[in-house]
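The data block below is model-v4.txt; it holds compact mmCIF, C-alpha atoms.
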```txt
# COMPACT_ATOMS: atom_id res chain seq x y z
CA MET W 1 24.36 -15.50 -44.50
CA SER W 2 26.19 -14.12 -47.51
CA ALA W 3 29.98 -14.15 -47.62
CA GLU W 4 31.72 -10.98 -46.53
CA VAL W 5 32.71 -8.77 -49.44
CA LEU W 6 36.26 -7.53 -48.94
CA PRO W 7 37.19 -4.07 -50.20
CA PRO W 8 39.48 -4.03 -53.25
CA LEU W 9 43.21 -3.73 -52.66
CA THR W 10 44.28 -0.13 -53.24
CA SER W 11 47.75 1.13 -54.04
CA VAL W 12 47.86 3.01 -50.72
CA ARG W 13 46.95 -0.08 -48.71
CA LEU W 14 49.45 -2.20 -50.63
CA HIS W 15 52.21 0.35 -50.03
CA ASP W 16 51.46 0.53 -46.30
CA GLU W 17 51.33 -3.25 -45.88
CA PHE W 18 54.49 -3.73 -47.93
CA ASP W 19 56.32 -1.11 -45.86
CA LEU W 20 55.31 -2.90 -42.66
CA LEU W 21 56.30 -6.34 -43.98
CA ARG W 22 59.50 -5.27 -45.72
CA PRO W 23 62.02 -6.37 -43.01
CA GLY W 24 60.46 -9.83 -42.87
CA LEU W 25 60.44 -10.11 -46.65
CA VAL W 26 64.11 -9.12 -46.79
CA ALA W 27 64.93 -11.78 -44.19
CA HIS W 28 62.93 -14.41 -46.11
CA CYS W 29 64.59 -13.61 -49.41
CA TYR W 30 68.01 -13.51 -47.73
CA ARG W 31 67.44 -17.02 -46.33
CA MET W 32 66.61 -18.12 -49.85
CA THR W 33 69.44 -16.37 -51.70
CA GLY W 34 72.29 -16.05 -49.17
CA SER W 35 72.88 -12.51 -50.40
CA TYR W 36 71.50 -9.32 -48.88
CA GLN W 37 71.91 -7.50 -52.19
CA ASP W 38 69.98 -10.21 -54.07
CA ALA W 39 67.37 -10.17 -51.30
CA GLU W 40 66.90 -6.41 -51.66
CA ASP W 41 66.52 -6.81 -55.43
CA VAL W 42 63.96 -9.62 -55.05
CA VAL W 43 61.95 -7.65 -52.50
CA GLN W 44 61.83 -4.64 -54.81
CA ASP W 45 60.79 -6.90 -57.68
CA THR W 46 58.12 -8.41 -55.41
CA TYR W 47 56.61 -4.98 -54.84
CA LEU W 48 56.58 -4.18 -58.55
CA ARG W 49 54.93 -7.51 -59.36
CA ALA W 50 52.37 -6.93 -56.63
CA VAL W 51 51.52 -3.50 -58.05
CA ARG W 52 51.10 -4.96 -61.52
CA GLY W 53 48.97 -7.84 -60.21
CA MET W 54 46.96 -5.84 -57.72
CA ALA W 55 43.75 -6.09 -59.75
CA GLY W 56 43.95 -9.88 -59.59
CA PHE W 57 44.16 -10.02 -55.79
CA GLU W 58 40.93 -11.74 -54.73
CA GLY W 59 41.36 -11.56 -50.96
CA ARG W 60 41.35 -15.37 -50.54
CA SER W 61 44.48 -14.94 -48.43
CA SER W 62 45.98 -12.05 -46.52
CA VAL W 63 48.11 -9.47 -48.29
CA LYS W 64 51.03 -10.79 -46.22
CA THR W 65 50.61 -14.34 -47.54
CA TRP W 66 50.16 -13.02 -51.08
CA LEU W 67 53.38 -10.98 -50.91
CA TYR W 68 55.39 -13.86 -49.42
CA ARG W 69 54.06 -16.10 -52.20
CA ILE W 70 55.24 -13.64 -54.85
CA ALA W 71 58.62 -13.24 -53.11
CA THR W 72 59.14 -17.00 -52.82
CA ASN W 73 58.41 -17.67 -56.49
CA THR W 74 60.60 -14.75 -57.53
CA CYS W 75 63.45 -16.29 -55.52
CA VAL W 76 62.85 -19.74 -56.99
CA SER W 77 62.96 -18.33 -60.52
CA ALA W 78 66.06 -16.25 -59.84
CA LEU W 79 67.96 -19.15 -58.23
CA SER W 80 67.04 -21.87 -60.73
CA HIS W 81 70.33 -21.55 -62.64
CA ARG W 82 72.66 -20.25 -59.92
CA SER W 83 75.25 -22.11 -57.87
CA ARG W 84 74.99 -22.13 -54.11
CA ARG W 85 76.72 -19.40 -52.13
CA VAL W 86 79.47 -20.47 -49.75
CA LEU W 87 81.77 -19.34 -46.99
CA PRO W 88 85.47 -20.29 -47.08
CA ALA W 89 84.84 -23.17 -44.64
CA GLY W 90 82.42 -24.65 -47.17
CA LEU W 91 85.16 -25.12 -49.77
CA GLY W 92 87.36 -27.65 -47.99
CA ALA W 93 89.67 -28.29 -45.07
CA PRO W 94 91.33 -25.44 -43.15
CA GLU W 95 94.90 -24.43 -43.95
CA THR W 96 97.47 -25.60 -41.39
CA ASP W 97 100.28 -23.24 -42.40
CA PRO W 98 99.85 -19.68 -41.01
CA ASP W 99 102.43 -18.45 -43.54
CA VAL W 100 100.46 -19.61 -46.57
CA ARG W 101 99.74 -16.99 -49.23
CA VAL W 102 96.18 -15.70 -48.95
CA HIS W 103 94.54 -14.73 -52.23
CA SER W 104 91.16 -13.48 -53.43
CA ASP W 105 88.84 -15.42 -55.72
CA GLU W 106 85.95 -13.39 -57.09
CA SER W 107 84.81 -16.26 -59.33
CA ILE W 108 83.20 -18.00 -56.35
CA ALA W 109 79.59 -17.24 -55.39
CA TRP W 110 80.23 -16.01 -51.87
CA LEU W 111 77.70 -15.85 -49.06
CA GLU W 112 77.00 -12.33 -47.81
CA PRO W 113 76.14 -11.12 -44.31
CA LEU W 114 72.86 -9.43 -43.40
CA PRO W 115 73.22 -6.32 -41.20
CA ASP W 116 70.63 -6.28 -38.41
CA ALA W 117 69.91 -2.66 -39.32
CA LEU W 118 67.93 -3.99 -42.31
CA LEU W 119 65.66 -6.09 -40.08
CA HIS W 120 64.03 -3.37 -38.01
CA HIS W 121 60.79 -1.51 -38.61
CA ARG W 122 59.54 1.28 -36.38
CA ASP W 123 56.37 -0.69 -35.58
CA ASP W 124 58.07 -4.01 -34.83
CA GLU W 125 57.72 -5.62 -31.41
CA PRO W 126 61.13 -6.37 -29.77
CA GLY W 127 60.22 -10.06 -29.48
CA GLU W 128 59.41 -10.30 -33.19
CA VAL W 129 62.69 -8.63 -34.10
CA ALA W 130 64.60 -11.09 -31.89
CA VAL W 131 62.97 -14.09 -33.57
CA LEU W 132 63.65 -12.59 -36.98
CA ARG W 133 67.34 -12.12 -36.21
CA GLU W 134 67.73 -15.65 -34.85
CA SER W 135 66.38 -17.03 -38.14
CA VAL W 136 69.22 -15.50 -40.18
CA ARG W 137 72.23 -16.76 -38.24
CA LEU W 138 75.24 -17.21 -40.48
CA ALA W 139 75.58 -20.99 -39.95
CA LEU W 140 71.92 -21.52 -40.81
CA ILE W 141 72.12 -19.47 -44.01
CA ALA W 142 75.25 -21.37 -45.09
CA ALA W 143 73.55 -24.71 -44.38
CA LEU W 144 70.41 -23.76 -46.32
CA GLN W 145 72.58 -23.24 -49.40
CA TYR W 146 73.18 -27.00 -49.53
CA LEU W 147 69.48 -27.55 -50.27
CA PRO W 148 68.01 -27.47 -53.80
CA VAL W 149 65.98 -24.30 -54.20
CA ARG W 150 62.51 -25.90 -53.93
CA GLN W 151 63.51 -27.87 -50.84
CA ARG W 152 64.86 -24.64 -49.36
CA ALA W 153 61.63 -22.78 -50.11
CA ALA W 154 59.40 -25.53 -48.70
CA LEU W 155 61.48 -25.81 -45.51
CA LEU W 156 61.52 -22.06 -44.87
CA LEU W 157 57.80 -21.64 -45.51
CA ARG W 158 57.08 -24.50 -43.11
CA GLU W 159 59.67 -24.06 -40.34
CA VAL W 160 60.02 -20.28 -40.26
CA LEU W 161 56.64 -19.00 -41.48
CA SER W 162 54.58 -21.99 -40.19
CA TRP W 163 52.67 -22.41 -43.44
CA SER W 164 50.57 -25.53 -43.99
CA ALA W 165 51.50 -28.12 -46.61
CA ALA W 166 48.49 -27.00 -48.65
CA GLU W 167 49.65 -23.34 -48.63
CA ILE W 168 53.18 -24.39 -49.64
CA ALA W 169 51.80 -26.61 -52.41
CA GLU W 170 49.73 -23.75 -53.82
CA THR W 171 52.74 -21.42 -53.72
CA LEU W 172 55.16 -23.82 -55.41
CA GLY W 173 52.59 -25.23 -57.82
CA VAL W 174 53.01 -28.84 -56.64
CA SER W 175 50.89 -31.42 -54.80
CA VAL W 176 50.69 -31.79 -51.02
CA PRO W 177 52.49 -35.19 -51.16
CA ALA W 178 55.25 -33.51 -53.17
CA VAL W 179 55.61 -30.85 -50.48
CA LYS W 180 55.92 -33.53 -47.79
CA SER W 181 58.62 -35.21 -49.86
CA LEU W 182 60.50 -31.90 -50.26
CA LEU W 183 60.38 -31.35 -46.50
CA GLN W 184 61.58 -34.85 -45.69
CA ARG W 185 64.54 -34.59 -48.04
CA ALA W 186 65.44 -31.10 -46.79
CA ARG W 187 65.40 -32.16 -43.13
CA ARG W 188 67.41 -35.28 -43.90
CA ARG W 189 70.07 -33.22 -45.66
CA LEU W 190 70.38 -30.76 -42.78
CA ASP W 191 70.63 -33.65 -40.31
CA GLU W 192 73.52 -35.05 -42.37
CA LEU W 193 75.37 -31.75 -42.01
CA ASP W 194 75.11 -32.05 -38.21
CA LEU W 195 75.81 -28.38 -37.56
CA THR W 196 75.46 -27.51 -33.88
CA ASP W 197 75.14 -23.80 -34.74
CA LEU W 198 71.71 -24.54 -36.23
CA ARG W 199 70.17 -25.35 -32.86
CA PRO W 200 67.88 -22.68 -31.34
CA ARG W 201 69.56 -20.65 -28.63
CA GLN W 202 69.01 -17.78 -26.26
CA PRO W 203 71.84 -15.31 -26.83
CA ASP W 204 73.43 -13.63 -23.84
CA LEU W 205 73.53 -10.13 -25.30
CA GLU W 206 75.53 -8.65 -22.43
CA LEU W 207 78.20 -11.35 -22.78
CA GLU W 208 78.28 -10.92 -26.56
CA ARG W 209 78.74 -7.17 -26.23
CA ALA W 210 81.57 -7.64 -23.73
CA LEU W 211 83.38 -10.20 -25.89
CA LEU W 212 82.95 -8.04 -28.98
CA ALA W 213 84.38 -5.01 -27.17
CA ARG W 214 87.43 -6.98 -26.04
CA TYR W 215 87.96 -8.47 -29.50
CA VAL W 216 87.66 -5.06 -31.18
CA THR W 217 90.06 -3.40 -28.73
CA ALA W 218 92.60 -6.18 -29.18
CA PHE W 219 92.31 -6.19 -32.98
CA GLU W 220 92.70 -2.41 -33.27
CA ALA W 221 95.79 -2.61 -31.04
CA GLY W 222 97.22 -5.60 -32.90
CA ASP W 223 97.31 -7.53 -29.63
CA SER W 224 97.12 -11.24 -30.49
CA ALA W 225 97.60 -12.24 -26.84
CA ALA W 226 94.45 -10.33 -25.86
CA ILE W 227 92.54 -11.97 -28.72
CA ARG W 228 93.70 -15.38 -27.50
CA GLU W 229 91.97 -14.69 -24.17
CA VAL W 230 88.50 -14.37 -25.74
CA ILE W 231 88.55 -17.17 -28.36
CA HIS W 232 88.02 -20.92 -28.18
CA ASP W 233 90.86 -23.36 -28.82
CA ASP W 234 89.15 -24.43 -32.07
CA PHE W 235 88.45 -20.84 -33.13
CA SER W 236 88.11 -20.42 -36.90
CA LEU W 237 89.14 -17.41 -38.97
CA GLU W 238 87.68 -16.73 -42.43
CA ALA W 239 87.69 -13.80 -44.84
CA VAL W 240 85.52 -13.44 -47.93
CA PRO W 241 86.59 -13.43 -50.80
CA HIS W 242 89.61 -15.55 -49.72
CA PRO W 243 89.22 -19.34 -50.14
CA VAL W 244 91.95 -20.02 -47.55
CA TRP W 245 90.74 -20.25 -43.95
CA PHE W 246 92.18 -21.30 -40.60
CA ARG W 247 91.03 -23.22 -37.53
CA GLY W 248 92.63 -23.61 -34.12
CA VAL W 249 94.64 -21.15 -32.05
CA ARG W 250 97.92 -22.78 -33.07
CA VAL W 251 97.32 -21.55 -36.61
CA CYS W 252 95.01 -18.56 -36.17
CA VAL W 253 97.11 -16.71 -33.58
CA PRO W 254 100.40 -16.90 -35.58
CA PHE W 255 98.48 -15.78 -38.70
CA LEU W 256 97.08 -12.79 -36.81
CA GLU W 257 100.53 -11.95 -35.44
CA LYS W 258 101.94 -11.95 -38.97
CA THR W 259 99.03 -9.80 -40.17
CA PHE W 260 99.46 -7.29 -37.34
CA ALA W 261 103.21 -7.06 -37.95
CA ALA W 262 102.65 -6.28 -41.63
CA ARG W 263 99.89 -3.74 -40.95
CA ASN W 264 100.87 -0.36 -42.37
CA GLU W 265 97.64 1.57 -41.83
CA ASP W 266 95.41 2.53 -38.93
CA VAL W 267 92.36 0.31 -38.36
CA ARG W 268 89.11 1.21 -36.63
CA MET W 269 86.26 -1.18 -35.75
CA LEU W 270 82.80 -0.04 -34.63
CA PRO W 271 80.49 -2.50 -32.81
CA THR W 272 77.23 -3.48 -34.48
CA ARG W 273 75.22 -6.64 -35.19
CA ALA W 274 74.69 -8.73 -38.31
CA ASN W 275 72.89 -12.04 -38.83
CA GLY W 276 71.65 -11.68 -35.26
CA GLN W 277 75.26 -11.96 -34.07
CA PRO W 278 77.90 -9.56 -32.72
CA ALA W 279 79.65 -7.78 -35.57
CA ALA W 280 81.97 -4.87 -36.29
CA ALA W 281 82.18 -2.34 -39.09
CA GLY W 282 85.80 -2.06 -40.20
CA TYR W 283 87.59 1.08 -41.42
CA ARG W 284 91.13 1.60 -42.76
CA ARG W 285 93.02 4.87 -42.97
CA ASP W 286 94.06 5.64 -46.54
CA GLY W 287 97.08 7.58 -47.78
CA SER W 288 95.31 10.90 -47.27
CA GLY W 289 94.61 10.11 -43.62
CA VAL W 290 90.88 9.41 -44.05
CA LEU W 291 89.30 6.40 -42.35
CA ARG W 292 87.26 4.71 -45.09
CA ALA W 293 84.76 1.87 -44.81
CA ASP W 294 86.44 -1.44 -45.57
CA CYS W 295 84.64 -4.54 -44.28
CA LEU W 296 82.11 -6.10 -41.94
CA TRP W 297 83.16 -8.71 -39.37
CA VAL W 298 80.62 -11.22 -38.04
CA LEU W 299 81.49 -13.15 -34.87
CA THR W 300 79.97 -16.33 -33.48
CA VAL W 301 79.89 -16.74 -29.70
CA THR W 302 79.69 -20.25 -28.28
CA GLY W 303 79.51 -20.58 -24.52
CA ASP W 304 81.63 -17.84 -23.00
CA ARG W 305 84.07 -17.30 -25.88
CA ILE W 306 84.23 -16.47 -29.57
CA SER W 307 84.30 -19.55 -31.79
CA ARG W 308 84.31 -18.00 -35.26
CA SER W 309 85.21 -14.75 -37.00
CA VAL W 310 84.25 -14.11 -40.61
CA LYS W 311 85.40 -10.97 -42.39
CA PHE W 312 83.39 -9.77 -45.40
CA GLU W 313 85.23 -7.23 -47.51
CA GLY W 314 83.34 -4.37 -49.11
CA PRO W 315 82.48 -0.80 -48.04
CA GLY W 316 78.87 -1.31 -49.15
CA LEU W 317 78.33 -3.73 -46.27
CA VAL W 318 79.42 -1.07 -43.79
CA VAL W 319 76.98 1.43 -45.30
CA ALA W 320 74.18 -1.18 -45.26
CA ALA W 321 74.85 -1.60 -41.55
CA GLY W 322 74.05 2.08 -41.04
CA PHE W 323 77.55 3.55 -40.92
CA PRO W 324 79.11 6.29 -43.11
CA GLU W 325 81.56 5.65 -45.94
CA GLN W 326 84.20 7.55 -44.00
CA LEU W 327 84.68 8.57 -40.39
CA THR W 328 84.98 12.18 -39.33
CA PRO W 329 87.90 12.80 -36.94
```

Could you rewrite the structure in this file as structure tokens?
Amino acid sequence: MSAEVLPPLTSVRLHDEFDLLRPGLVAHCYRMTGSYQDAEDVVQDTYLRAVRGMAGFEGRSSVKTWLYRIATNTCVSALSHRSRRVLPAGLGAPETDPDVRVHSDESIAWLEPLPDALLHHRDDEPGEVAVLRESVRLALIAALQYLPVRQRAALLLREVLSWSAAEIAETLGVSVPAVKSLLQRARRRLDELDLTDLRPRQPDLELERALLARYVTAFEAGDSAAIREVIHDDFSLEAVPHPVWFRGVRVCVPFLEKTFAARNEDVRMLPTRANGQPAAAGYRRDGSGVLRADCLWVLTVTGDRISRSVKFEGPGLVVAAGFPEQLTP
């Protein structure tokens, strides 16, 4: 029996398949880069490269595999001379003085959040979306940044996409034994980090929504006592692009009290989700009385309380999460 002759890849078919796969490609590139903006750029570049190389597509693999291969190699090339992205907690020990001066440092390659709004396609199954969101949790993305880029690529292709060693080898242009070595070293490094947030979990969405609502209400009101009721004793507080961060209620609560006391503008927070976690889009009222997009908060819930709050400054993050640049009264 002769082999089946597959129809040539057309621009219409490529566009349709790319549109369907786009959320997953964004998530994959975000895991690689640690930046949603870089991920969007890589995904767009992936599409352009696929269009240019369409005539060379032989159908030996699916279009999905082909696109992920292009995206992975584009990430590897882009990251070959870049430093890893970090969160404040990745720079050193927490500050113990709540009165310390907090400053910005734009010279650091900061990790960015990924709004869940970017991970949904109209044809996605709810279960697939849930798995996708769990694979971009903030702690996991921060941990992946400790891996050299090829180890990171091999681990993600194997653990998240379930590719075989042979498929990974073909993608990265190395031997199968080399792939196995990359995977062993990557797993060993993550084990050394011993981050409990990396373990698979089943989020209690109702609990997360309730805790987020209480945290938002308390923060808008400047009520540190109400915040204390929903956070763990070892709660950590971070804000990008500030290298200084805090851990423990004995430091975090006094810092928040000082911040609330100095607040001279109205603050509004709207519930959302980012990195598969509860989040809030932050707005501040400017001198003209307009509430303008300001930041995106991402919270980590452990057990029945909030264990971590990371603030990412930048109105573009709020817009990426599906909110307007300013709120109408």

Do a neighbour search on Leu296 (chain W) at 8 Å with only C-alpha atoms, toss out local chain neighbours closer than 6 positions, and write the hits as a PDB file with C-alpha atoms, in the coordinates of the input.
```
ATOM      1  CA  ALA W 279      79.650  -7.780 -35.570  1.00  0.00           C
ATOM      2  CA  ALA W 280      81.970  -4.870 -36.290  1.00  0.00           C
ATOM      3  CA  ALA W 281      82.180  -2.340 -39.090  1.00  0.00           C
ATOM      4  CA  GLY W 282      85.800  -2.060 -40.200  1.00  0.00           C
ATOM      5  CA  LYS W 311      85.400 -10.970 -42.390  1.00  0.00           C
ATOM      6  CA  PHE W 312      83.390  -9.770 -45.400  1.00  0.00           C
ATOM      7  CA  GLU W 313      85.230  -7.230 -47.510  1.00  0.00           C
ATOM      8  CA  GLY W 314      83.340  -4.370 -49.110  1.00  0.00           C
ATOM      9  CA  LEU W 317      78.330  -3.730 -46.270  1.00  0.00           C
ATOM     10  CA  VAL W 318      79.420  -1.070 -43.790  1.00  0.00           C
TER      11      VAL W 318
END
```

Please provide the set of residues having any atom within 10 Å of Ala186 (chain W), restricted to all atoms listed in the file, with same-chain residues fewer than 6 positions apart removed, written as a VMD selection string.
chain W and resid 144 146 to 148 150 to 155 180

Could you produce a table of the residues of region 58-159 of chain W lying within 7 Å of region 19-38 of chain W, with the nearest pair of atoms per residue and their separation in Å rounded to one decimal, using only C-alpha atoms, ordered by chain and increasing residue number, as JSON lines?
```
{"residue": "W:Tyr68", "atom": "CA", "partner": "W:Leu25", "partner_atom": "CA", "distance": 6.9}
{"residue": "W:Cys75", "atom": "CA", "partner": "W:Met32", "partner_atom": "CA", "distance": 6.7}
{"residue": "W:Arg85", "atom": "CA", "partner": "W:Gly34", "partner_atom": "CA", "distance": 6.3}
{"residue": "W:Leu111", "atom": "CA", "partner": "W:Gly34", "partner_atom": "CA", "distance": 5.4}
{"residue": "W:Glu112", "atom": "CA", "partner": "W:Ser35", "partner_atom": "CA", "distance": 4.9}
{"residue": "W:Pro113", "atom": "CA", "partner": "W:Tyr36", "partner_atom": "CA", "distance": 6.8}
{"residue": "W:Leu114", "atom": "CA", "partner": "W:Tyr36", "partner_atom": "CA", "distance": 5.6}
{"residue": "W:Leu118", "atom": "CA", "partner": "W:Pro23", "partner_atom": "CA", "distance": 6.4}
{"residue": "W:Leu119", "atom": "CA", "partner": "W:Pro23", "partner_atom": "CA", "distance": 4.7}
{"residue": "W:His120", "atom": "CA", "partner": "W:Pro23", "partner_atom": "CA", "distance": 6.2}
{"residue": "W:His121", "atom": "CA", "partner": "W:Pro23", "partner_atom": "CA", "distance": 6.7}
{"residue": "W:Val136", "atom": "CA", "partner": "W:Arg31", "partner_atom": "CA", "distance": 6.6}
{"residue": "W:Ile141", "atom": "CA", "partner": "W:Arg31", "partner_atom": "CA", "distance": 5.8}
{"residue": "W:Arg152", "atom": "CA", "partner": "W:Met32", "partner_atom": "CA", "distance": 6.8}
{"residue": "W:Ala153", "atom": "CA", "partner": "W:Met32", "partner_atom": "CA", "distance": 6.8}
```

Distance in Å - CA of Pro88 (chain W) versus CA of Asp105 (chain W)
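Between CA of Pro88 (chain W) and CA of Asp105 (chain W) the gap is 10.5 Å.
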
Taking into account only C-alpha atoms, which residue in the set W:Glu238, W:Asp223, W:Asp45, W:Asp116 is nearest to Glu95 (chain W)?
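Looking only at the distances to Glu95 (chain W), the closest residue turns out to be W:Glu238.
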
Closest of W:Leu193, W:Val310, W:Leu270, W:Leu182 to Phe235 (chain W) - atom-to-atom distances counting all atoms listed in the file
W:Val310

Please measure the separation of CA of Leu205 (chain W) and CA of Thr217 (chain W), giving the value in Å to one decimal.
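Answer for the CA of Leu205 (chain W) to CA of Thr217 (chain W) separation: 18.2 Å.
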
Any chance you could build region 16-45 of chain W out to N, CA and C atoms and write it as a PDB file, in the frame of the given file?
```pdb
ATOM      1  N   ASP W  16      51.347   0.548 -47.763  1.00  0.00           N
ATOM      2  CA  ASP W  16      51.460   0.530 -46.300  1.00  0.00           C
ATOM      3  C   ASP W  16      51.774  -0.873 -45.780  1.00  0.00           C
ATOM      4  N   GLU W  17      51.091  -1.872 -46.332  1.00  0.00           N
ATOM      5  CA  GLU W  17      51.330  -3.250 -45.880  1.00  0.00           C
ATOM      6  C   GLU W  17      52.728  -3.702 -46.274  1.00  0.00           C
ATOM      7  N   PHE W  18      53.150  -3.349 -47.469  1.00  0.00           N
ATOM      8  CA  PHE W  18      54.490  -3.730 -47.930  1.00  0.00           C
ATOM      9  C   PHE W  18      55.549  -3.087 -47.046  1.00  0.00           C
ATOM     10  N   ASP W  19      55.359  -1.818 -46.711  1.00  0.00           N
ATOM     11  CA  ASP W  19      56.320  -1.110 -45.860  1.00  0.00           C
ATOM     12  C   ASP W  19      56.432  -1.796 -44.497  1.00  0.00           C
ATOM     13  N   LEU W  20      55.318  -2.227 -43.961  1.00  0.00           N
ATOM     14  CA  LEU W  20      55.310  -2.900 -42.660  1.00  0.00           C
ATOM     15  C   LEU W  20      55.981  -4.266 -42.734  1.00  0.00           C
ATOM     16  N   LEU W  21      55.794  -4.971 -43.837  1.00  0.00           N
ATOM     17  CA  LEU W  21      56.300  -6.340 -43.980  1.00  0.00           C
ATOM     18  C   LEU W  21      57.714  -6.394 -44.561  1.00  0.00           C
ATOM     19  N   ARG W  22      58.237  -5.266 -44.996  1.00  0.00           N
ATOM     20  CA  ARG W  22      59.500  -5.270 -45.720  1.00  0.00           C
ATOM     21  C   ARG W  22      60.656  -5.955 -44.984  1.00  0.00           C
ATOM     22  N   PRO W  23      60.913  -5.684 -43.687  1.00  0.00           N
ATOM     23  CA  PRO W  23      62.020  -6.370 -43.010  1.00  0.00           C
ATOM     24  C   PRO W  23      61.884  -7.892 -43.046  1.00  0.00           C
ATOM     25  N   GLY W  24      60.676  -8.396 -42.824  1.00  0.00           N
ATOM     26  CA  GLY W  24      60.460  -9.830 -42.870  1.00  0.00           C
ATOM     27  C   GLY W  24      60.664 -10.403 -44.255  1.00  0.00           C
ATOM     28  N   LEU W  25      60.236  -9.672 -45.275  1.00  0.00           N
ATOM     29  CA  LEU W  25      60.440 -10.110 -46.650  1.00  0.00           C
ATOM     30  C   LEU W  25      61.922 -10.135 -47.012  1.00  0.00           C
ATOM     31  N   VAL W  26      62.663  -9.148 -46.554  1.00  0.00           N
ATOM     32  CA  VAL W  26      64.110  -9.120 -46.790  1.00  0.00           C
ATOM     33  C   VAL W  26      64.764 -10.338 -46.140  1.00  0.00           C
ATOM     34  N   ALA W  27      64.370 -10.628 -44.892  1.00  0.00           N
ATOM     35  CA  ALA W  27      64.930 -11.780 -44.190  1.00  0.00           C
ATOM     36  C   ALA W  27      64.601 -13.078 -44.932  1.00  0.00           C
ATOM     37  N   HIS W  28      63.354 -13.208 -45.389  1.00  0.00           N
ATOM     38  CA  HIS W  28      62.930 -14.410 -46.110  1.00  0.00           C
ATOM     39  C   HIS W  28      63.734 -14.589 -47.393  1.00  0.00           C
ATOM     40  N   CYS W  29      63.859 -13.526 -48.148  1.00  0.00           N
ATOM     41  CA  CYS W  29      64.590 -13.610 -49.410  1.00  0.00           C
ATOM     42  C   CYS W  29      66.090 -13.806 -49.171  1.00  0.00           C
ATOM     43  N   TYR W  30      66.594 -13.283 -48.076  1.00  0.00           N
ATOM     44  CA  TYR W  30      68.010 -13.510 -47.730  1.00  0.00           C
ATOM     45  C   TYR W  30      68.238 -14.974 -47.382  1.00  0.00           C
ATOM     46  N   ARG W  31      67.309 -15.587 -46.630  1.00  0.00           N
ATOM     47  CA  ARG W  31      67.440 -17.020 -46.330  1.00  0.00           C
ATOM     48  C   ARG W  31      67.455 -17.833 -47.613  1.00  0.00           C
ATOM     49  N   MET W  32      66.676 -17.404 -48.584  1.00  0.00           N
ATOM     50  CA  MET W  32      66.610 -18.120 -49.850  1.00  0.00           C
ATOM     51  C   MET W  32      67.879 -17.919 -50.688  1.00  0.00           C
ATOM     52  N   THR W  33      68.368 -16.690 -50.771  1.00  0.00           N
ATOM     53  CA  THR W  33      69.440 -16.370 -51.700  1.00  0.00           C
ATOM     54  C   THR W  33      70.843 -16.395 -51.100  1.00  0.00           C
ATOM     55  N   GLY W  34      70.965 -16.131 -49.788  1.00  0.00           N
ATOM     56  CA  GLY W  34      72.290 -16.050 -49.170  1.00  0.00           C
ATOM     57  C   GLY W  34      73.011 -14.761 -49.483  1.00  0.00           C
ATOM     58  N   SER W  35      72.285 -13.787 -50.028  1.00  0.00           N
ATOM     59  CA  SER W  35      72.880 -12.510 -50.400  1.00  0.00           C
ATOM     60  C   SER W  35      71.918 -11.386 -50.035  1.00  0.00           C
ATOM     61  N   TYR W  36      72.387 -10.423 -49.250  1.00  0.00           N
ATOM     62  CA  TYR W  36      71.500  -9.320 -48.880  1.00  0.00           C
ATOM     63  C   TYR W  36      71.193  -8.436 -50.083  1.00  0.00           C
ATOM     64  N   GLN W  37      72.152  -8.322 -50.996  1.00  0.00           N
ATOM     65  CA  GLN W  37      71.910  -7.500 -52.190  1.00  0.00           C
ATOM     66  C   GLN W  37      70.864  -8.163 -53.089  1.00  0.00           C
ATOM     67  N   ASP W  38      70.990  -9.490 -53.280  1.00  0.00           N
ATOM     68  CA  ASP W  38      69.980 -10.210 -54.070  1.00  0.00           C
ATOM     69  C   ASP W  38      68.626 -10.136 -53.377  1.00  0.00           C
ATOM     70  N   ALA W  39      68.631 -10.232 -52.043  1.00  0.00           N
ATOM     71  CA  ALA W  39      67.370 -10.170 -51.300  1.00  0.00           C
ATOM     72  C   ALA W  39      66.692  -8.822 -51.496  1.00  0.00           C
ATOM     73  N   GLU W  40      67.460  -7.745 -51.447  1.00  0.00           N
ATOM     74  CA  GLU W  40      66.900  -6.410 -51.660  1.00  0.00           C
ATOM     75  C   GLU W  40      66.310  -6.305 -53.068  1.00  0.00           C
ATOM     76  N   ASP W  41      67.007  -6.861 -54.057  1.00  0.00           N
ATOM     77  CA  ASP W  41      66.520  -6.810 -55.430  1.00  0.00           C
ATOM     78  C   ASP W  41      65.212  -7.598 -55.578  1.00  0.00           C
ATOM     79  N   VAL W  42      65.163  -8.787 -54.952  1.00  0.00           N
ATOM     80  CA  VAL W  42      63.960  -9.620 -55.050  1.00  0.00           C
ATOM     81  C   VAL W  42      62.782  -8.938 -54.370  1.00  0.00           C
ATOM     82  N   VAL W  43      63.026  -8.327 -53.221  1.00  0.00           N
ATOM     83  CA  VAL W  43      61.950  -7.650 -52.500  1.00  0.00           C
ATOM     84  C   VAL W  43      61.405  -6.485 -53.317  1.00  0.00           C
ATOM     85  N   GLN W  44      62.291  -5.738 -53.954  1.00  0.00           N
ATOM     86  CA  GLN W  44      61.830  -4.640 -54.810  1.00  0.00           C
ATOM     87  C   GLN W  44      61.031  -5.169 -55.988  1.00  0.00           C
ATOM     88  N   ASP W  45      61.503  -6.276 -56.567  1.00  0.00           N
ATOM     89  CA  ASP W  45      60.790  -6.900 -57.680  1.00  0.00           C
ATOM     90  C   ASP W  45      59.427  -7.424 -57.214  1.00  0.00           C
TER      91      ASP W  45
END
```
